[in-house]
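Below is one structure, written out as structure tokens, with a few remarks after it.
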Amino acid sequence: MLLCLTANHRNASFDLLEKLSIGAPSLATSLVTDSDFIQGAVVLATCNRFEAYLDVDEPLTAAAALAAEQAMEVLAEASIVDVEDVRSTLTVLCGDTVAEHLFSVSSGLESVAIGEDEIAGQVRRALTTARVEHTTSSDLERLFQRASKTSRGVKTKTGLGGAGRSLVRLALDLAESRVTDWAGTTVLLVGTGRYARASLAALRDRGVTNVRVYSPSGRAANFAASHELQAVAKAELIAAIAASDVIVTCSTAPTVVLTAAQLAAAGELSGAVERRLVIDLGLPRNVDPAVSTVAGTELLDLETVSLHAPLEELNAESDARALVGEAAAEYRASRAEAEVTPAVVALRSHLFDLLDAEIARARSRGDSSDETERALRHLVGVILHTPSVRARELARTGGTETVFAAVEALFGLQASPADASGVSGAVEAVVASTLPLTHRTHGG
């Protein structure tokens, strides 16, 4: 049984998302190690969402509800957040809705900037991290691999990929009204990771040539050398701030990198620019919100960016959502096929066991030959083909119970479904009954 606990820019404040991201790195390991019900966990934490995908190995409604509650408690403790705040914010998805939600997320349909490219890579890296930490499971592997395949299909088959803008580019679009000439703008880039590379590319697309880079972790020199930039040492930071018209922060540092005191000190240096724009793309935030109180400083953070996110072309989004819906339906159908596998295996084993017994008796009488045995085995395989195909077809149309009932009624064989996802509706009801009303709807 798959569960998803999600908080995002639509149902959570950026302050809470920031706190949840702090506890995210240790969450999956803690859940898989300490839980009696969770056998797999993949955590996706980005600048505008936090999600935990859980594989619960008990097909009982109570177990799923307990797993969700336990995950919230562990997350609250790891993030130093009151558990009631976590409960009142997280949306709990269960069963078939999990796949459609992840496919939609990985395709950029639930992002601040609809169709943004970064999220697909973040989904892939979340699975990679789970593999490294040994917290994934076979069901989560299939789910996330199908999500990546779906996002690639959406990007190539619709106009969403071309229309979608990253948060970096969206932030720079919003900065257009504050920057009169990008080519003459001096920029300080704080950070050397993936967002730093994306930010640098977006800045250069706008004609920016004067960029310096600072790294709280000391990686500026290597980044600068590989991107033909000037590195800023820690002792030079205040002077670099003073000379910069725009500061873009996108570091993964767990604490604030730029403070109001630093901005104020920079403003007092001789020759300091009179006005500067600080764009904070970090999560946790890289910039103390108090910098906006420093004279001549304007702060553009993720929360502000999200409030100004434009609507994308409706046709591209509609086409993308249709593809996601089709992919989710196919995923559900393939899982349904897997559910009847025990019945098909039981039937095949039964008929081949009967065949083996008859062949053994024939051999004891000296009536068997290799050619006859091969012919008989081929015949049994042919006989089994149609019921095997029909069983999968019935499973895809909701006839899983019919398949098991038929095998039991006709052959006296009893087999258990491979996956009890049919009880997902009941699980959702139990989970919803133990959580606030906001958990009963799909929160995007």
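In the structure tokens, chains take letters A, B, ... by order of appearance, with residues numbered from 1 within each chain and ligands from 1 in the order shown.
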
>> Please list as a PyMOL selection string every residue within 7 Å of Ser107 of chain A, counting only C-alpha atoms and excluding residues in the same chain fewer than 2 positions away.
In response: chain A and resi 103-105+109+115+120+151+154

Would you give me, as a Markdown table, each residue of segment 47-105 of chain A having an atom within 8 Å of an atom of segment 132-144 of chain A, along with its shortest atom pair and that distance in Å to one decimal, using only C-alpha atoms and sorting by chain and residue number?
```
| residue | atom | partner | partner_atom | distance |
| --- | --- | --- | --- | --- |
| A:Tyr53 | CA | A:Leu140 | CA | 7.8 |
| A:Leu54 | CA | A:Leu140 | CA | 7.8 |
| A:Asp55 | CA | A:Leu140 | CA | 6.8 |
| A:Ala99 | CA | A:Leu143 | CA | 6.6 |
| A:Leu102 | CA | A:Phe144 | CA | 7.8 |
```

> If you run DSSP on this backbone, which residues of segment 235-311 of chain A come out as strand (DSSP E), and could you give them as a list of chain:residue names?
Replying inline: A:Val246, A:Ile247, A:Val248, A:Thr249, A:Arg276, A:Leu277, A:Val278, A:Ile279, A:Asp280, A:Thr297, A:Glu298, A:Leu299, A:Leu300, A:Asp301

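Across A:His308, A:Val246, A:Leu188, A:Ser251, the tightest approach to Val232 of chain A is made by A:Leu188 when counting only C-alpha atoms.
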
> Which neighbours of segment 35-41 of chain A fall inside 12 Å, counting only C-alpha atoms, when residues of the same chain fewer than 3 positions from it are skipped, and could you give them as an MDAnalysis selection string?
Replying inline: chainID A and resid 1:5 24:32 44 51:71 73:74 126:131 133:141 143:144

Mind writing the picked residues with C-alpha atoms as a PDB file, in the first residue's frame?
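Final output, result_5.pdb:
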```pdb
ATOM      1  CA  MET A   1       0.000   0.000   0.000  1.00  0.00           C
ATOM      2  CA  LEU A   2       1.407   3.359  -1.065  1.00  0.00           C
ATOM      3  CA  LEU A   3       0.896   6.555   0.921  1.00  0.00           C
ATOM      4  CA  CYS A   4       1.979  10.120   0.197  1.00  0.00           C
ATOM      5  CA  LEU A   5       2.223  12.882   2.783  1.00  0.00           C
ATOM      6  CA  ALA A  24      13.898  15.819   5.383  1.00  0.00           C
ATOM      7  CA  PRO A  25      17.405  14.278   5.030  1.00  0.00           C
ATOM      8  CA  SER A  26      17.008  11.920   7.995  1.00  0.00           C
ATOM      9  CA  LEU A  27      13.318  11.171   7.656  1.00  0.00           C
ATOM     10  CA  ALA A  28      13.356   8.205   5.253  1.00  0.00           C
ATOM     11  CA  THR A  29      15.982   6.271   7.190  1.00  0.00           C
ATOM     12  CA  SER A  30      14.220   6.893  10.495  1.00  0.00           C
ATOM     13  CA  LEU A  31      10.879   5.729   9.143  1.00  0.00           C
ATOM     14  CA  VAL A  32      12.150   2.530   7.542  1.00  0.00           C
ATOM     15  CA  LEU A  44      11.105  14.755  -2.000  1.00  0.00           C
ATOM     16  CA  GLU A  51       6.564  15.028   0.205  1.00  0.00           C
ATOM     17  CA  ALA A  52       7.128  11.618   1.760  1.00  0.00           C
ATOM     18  CA  TYR A  53       6.170   8.572  -0.306  1.00  0.00           C
ATOM     19  CA  LEU A  54       5.715   5.499   1.881  1.00  0.00           C
ATOM     20  CA  ASP A  55       5.338   1.801   1.107  1.00  0.00           C
ATOM     21  CA  VAL A  56       3.295   0.250   3.910  1.00  0.00           C
ATOM     22  CA  ASP A  57       3.671  -3.522   3.986  1.00  0.00           C
ATOM     23  CA  GLU A  58       0.463  -4.186   5.923  1.00  0.00           C
ATOM     24  CA  PRO A  59      -2.699  -4.096   3.753  1.00  0.00           C
ATOM     25  CA  LEU A  60      -4.816  -3.203   6.773  1.00  0.00           C
ATOM     26  CA  THR A  61      -6.512   0.155   7.124  1.00  0.00           C
ATOM     27  CA  ALA A  62      -5.339   0.575  10.707  1.00  0.00           C
ATOM     28  CA  ALA A  63      -1.715  -0.057   9.708  1.00  0.00           C
ATOM     29  CA  ALA A  64      -1.843   2.631   7.010  1.00  0.00           C
ATOM     30  CA  ALA A  65      -3.340   5.145   9.416  1.00  0.00           C
ATOM     31  CA  LEU A  66      -0.700   4.331  12.029  1.00  0.00           C
ATOM     32  CA  ALA A  67       2.067   4.649   9.427  1.00  0.00           C
ATOM     33  CA  ALA A  68       0.818   8.106   8.410  1.00  0.00           C
ATOM     34  CA  GLU A  69       0.588   9.230  12.016  1.00  0.00           C
ATOM     35  CA  GLN A  70       4.037   7.853  12.839  1.00  0.00           C
ATOM     36  CA  ALA A  71       5.557   9.605   9.833  1.00  0.00           C
ATOM     37  CA  GLU A  73       5.476  12.512  14.469  1.00  0.00           C
ATOM     38  CA  VAL A  74       8.952  11.626  13.182  1.00  0.00           C
ATOM     39  CA  ALA A 126      14.969  11.673  -4.553  1.00  0.00           C
ATOM     40  CA  LEU A 127      14.826   8.069  -5.766  1.00  0.00           C
ATOM     41  CA  THR A 128      18.613   7.937  -6.134  1.00  0.00           C
ATOM     42  CA  THR A 129      19.025   9.143  -2.549  1.00  0.00           C
ATOM     43  CA  ALA A 130      16.593   6.484  -1.331  1.00  0.00           C
ATOM     44  CA  ARG A 131      18.615   3.834  -3.161  1.00  0.00           C
ATOM     45  CA  GLU A 133      20.267   5.044   1.840  1.00  0.00           C
ATOM     46  CA  HIS A 134      18.543   1.677   1.210  1.00  0.00           C
ATOM     47  CA  THR A 135      15.078   3.037   1.971  1.00  0.00           C
ATOM     48  CA  THR A 136      13.360   2.373  -1.339  1.00  0.00           C
ATOM     49  CA  SER A 137      11.192  -0.649  -2.202  1.00  0.00           C
ATOM     50  CA  SER A 138      10.179  -2.451  -5.375  1.00  0.00           C
ATOM     51  CA  ASP A 139       6.793  -0.682  -5.467  1.00  0.00           C
ATOM     52  CA  LEU A 140       8.388   2.738  -4.926  1.00  0.00           C
ATOM     53  CA  GLU A 141      11.001   1.968  -7.603  1.00  0.00           C
ATOM     54  CA  LEU A 143       6.272   4.269  -9.113  1.00  0.00           C
ATOM     55  CA  PHE A 144       9.180   6.724  -9.430  1.00  0.00           C
TER      56      PHE A 144
END
```

Would you write out, as JSON lines, a table of all residues in segment 212-257 of chain A that have an atom no more than 12 Å from an atom of segment 9-20 of chain A, listing for each the closest atom pair and the distance in Å to one decimal, considering only C-alpha atoms and ordering rows by chain and rising residue number?
```
{"residue": "A:Thr252", "atom": "CA", "partner": "A:Glu18", "partner_atom": "CA", "distance": 11.5}
{"residue": "A:Ala253", "atom": "CA", "partner": "A:Glu18", "partner_atom": "CA", "distance": 12.0}
{"residue": "A:Pro254", "atom": "CA", "partner": "A:Glu18", "partner_atom": "CA", "distance": 9.8}
{"residue": "A:Thr255", "atom": "CA", "partner": "A:Glu18", "partner_atom": "CA", "distance": 10.7}
{"residue": "A:Val256", "atom": "CA", "partner": "A:Glu18", "partner_atom": "CA", "distance": 11.7}
```

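Every protein, DNA or RNA residue with an atom at most 9 Å from Leu281 of chain A, where only C-alpha atoms count and chain neighbours fewer than 3 positions away do not, is listed here: Cys47, Leu167, Val168, Ala171, Tyr195, Val248, Thr249, Cys250, Ser251, Pro284, Arg285, Asn286, Leu300, Asp301 and Leu302 of chain A.
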
For the selection just defined, write its residues with C-alpha atoms to a file, as a PDB file, in the first residue's frame.
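Saved as part26.pdb:
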```pdb
ATOM      1  CA  CYS A  47      11.849  24.917  -2.528  1.00  0.00           C
ATOM      2  CA  LEU A 167      11.840  29.500 -10.556  1.00  0.00           C
ATOM      3  CA  VAL A 168      15.169  31.128 -11.394  1.00  0.00           C
ATOM      4  CA  ALA A 171      12.401  35.435 -10.377  1.00  0.00           C
ATOM      5  CA  TYR A 195      20.458  26.252  -8.802  1.00  0.00           C
ATOM      6  CA  VAL A 248      21.201  35.951  -6.154  1.00  0.00           C
ATOM      7  CA  THR A 249      21.375  33.386  -3.349  1.00  0.00           C
ATOM      8  CA  CYS A 250      20.775  29.702  -4.059  1.00  0.00           C
ATOM      9  CA  SER A 251      22.904  27.903  -1.523  1.00  0.00           C
ATOM     10  CA  PRO A 284      16.087  26.871   3.873  1.00  0.00           C
ATOM     11  CA  ARG A 285      16.192  30.572   3.133  1.00  0.00           C
ATOM     12  CA  ASN A 286      19.638  32.049   2.576  1.00  0.00           C
ATOM     13  CA  LEU A 300      12.618  39.133  -3.601  1.00  0.00           C
ATOM     14  CA  ASP A 301      12.112  35.716  -1.991  1.00  0.00           C
ATOM     15  CA  LEU A 302      10.389  32.470  -2.947  1.00  0.00           C
TER      16      LEU A 302
END
```

>> If I take atom CA of Arg396 of chain A and atom CA of Gly95 of chain A, how far is one from the other in Å, to one decimal?
In response: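 Computed distance, atom CA of Arg396 of chain A to atom CA of Gly95 of chain A, equals 15.6 Å.
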
> Please, what distance in Å, to one decimal, runs between atom CA of Asn222 of chain A and atom CA of Thr192 of chain A?
Replying inline: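 Rounded to one decimal, the two atoms are 9.0 Å apart.
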
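Within the 9 Å cut-off around segment 174-177 of chain A, using only C-alpha atoms and omitting residues fewer than 3 positions from it on the same chain, the listed residues are Arg169, Leu170, Ala171, Thr180, Asp181, Trp182, Leu277, Ile279, Leu300, Val305 and His308 of chain A.
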
Segment 385-391 of chain A: which residues within 9 Å, counting only C-alpha atoms, same-chain residues fewer than 5 positions away excluded, as a PDB file with C-alpha atoms, in the first residue's frame?
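Output (out.pdb):
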```pdb
ATOM      1  CA  GLU A 337      -2.575  -7.227 -13.536  1.00  0.00           C
ATOM      2  CA  VAL A 340      -3.961 -11.627 -10.226  1.00  0.00           C
ATOM      3  CA  THR A 341      -0.501 -13.142 -10.737  1.00  0.00           C
ATOM      4  CA  ALA A 343      -4.096 -16.905  -9.249  1.00  0.00           C
ATOM      5  CA  VAL A 344      -2.457 -17.423 -12.653  1.00  0.00           C
ATOM      6  CA  LEU A 347      -3.476 -22.416 -12.046  1.00  0.00           C
ATOM      7  CA  ARG A 348      -0.306 -23.029 -14.060  1.00  0.00           C
ATOM      8  CA  VAL A 380      -0.876 -27.393 -21.514  1.00  0.00           C
ATOM      9  CA  ARG A 396      -7.631  -4.214 -15.694  1.00  0.00           C
ATOM     10  CA  GLY A 399     -12.476  -8.032 -12.055  1.00  0.00           C
ATOM     11  CA  THR A 400      -9.677  -9.190  -9.763  1.00  0.00           C
ATOM     12  CA  THR A 402     -13.759 -12.668 -10.250  1.00  0.00           C
ATOM     13  CA  VAL A 403     -10.451 -14.224 -11.300  1.00  0.00           C
TER      14      VAL A 403
END
```

>> Using only C-alpha atoms, can you tell me which of A:Asp85, A:Glu373, A:Glu401, A:Asp367 comes closest to Glu339 of chain A?
In response: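 Using only C-alpha atoms, Glu339 of chain A sits closest to A:Glu401.
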
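Between atom CA of Glu298 of chain A and atom CA of Arg49 of chain A lies a distance of 25.1 Å.
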
>> So, with only C-alpha atoms as the atoms that count, which of A:Leu258, A:Val123, A:Ala235, A:Ile241 lies closest to Arg212 of chain A?
In response: A:Ile241
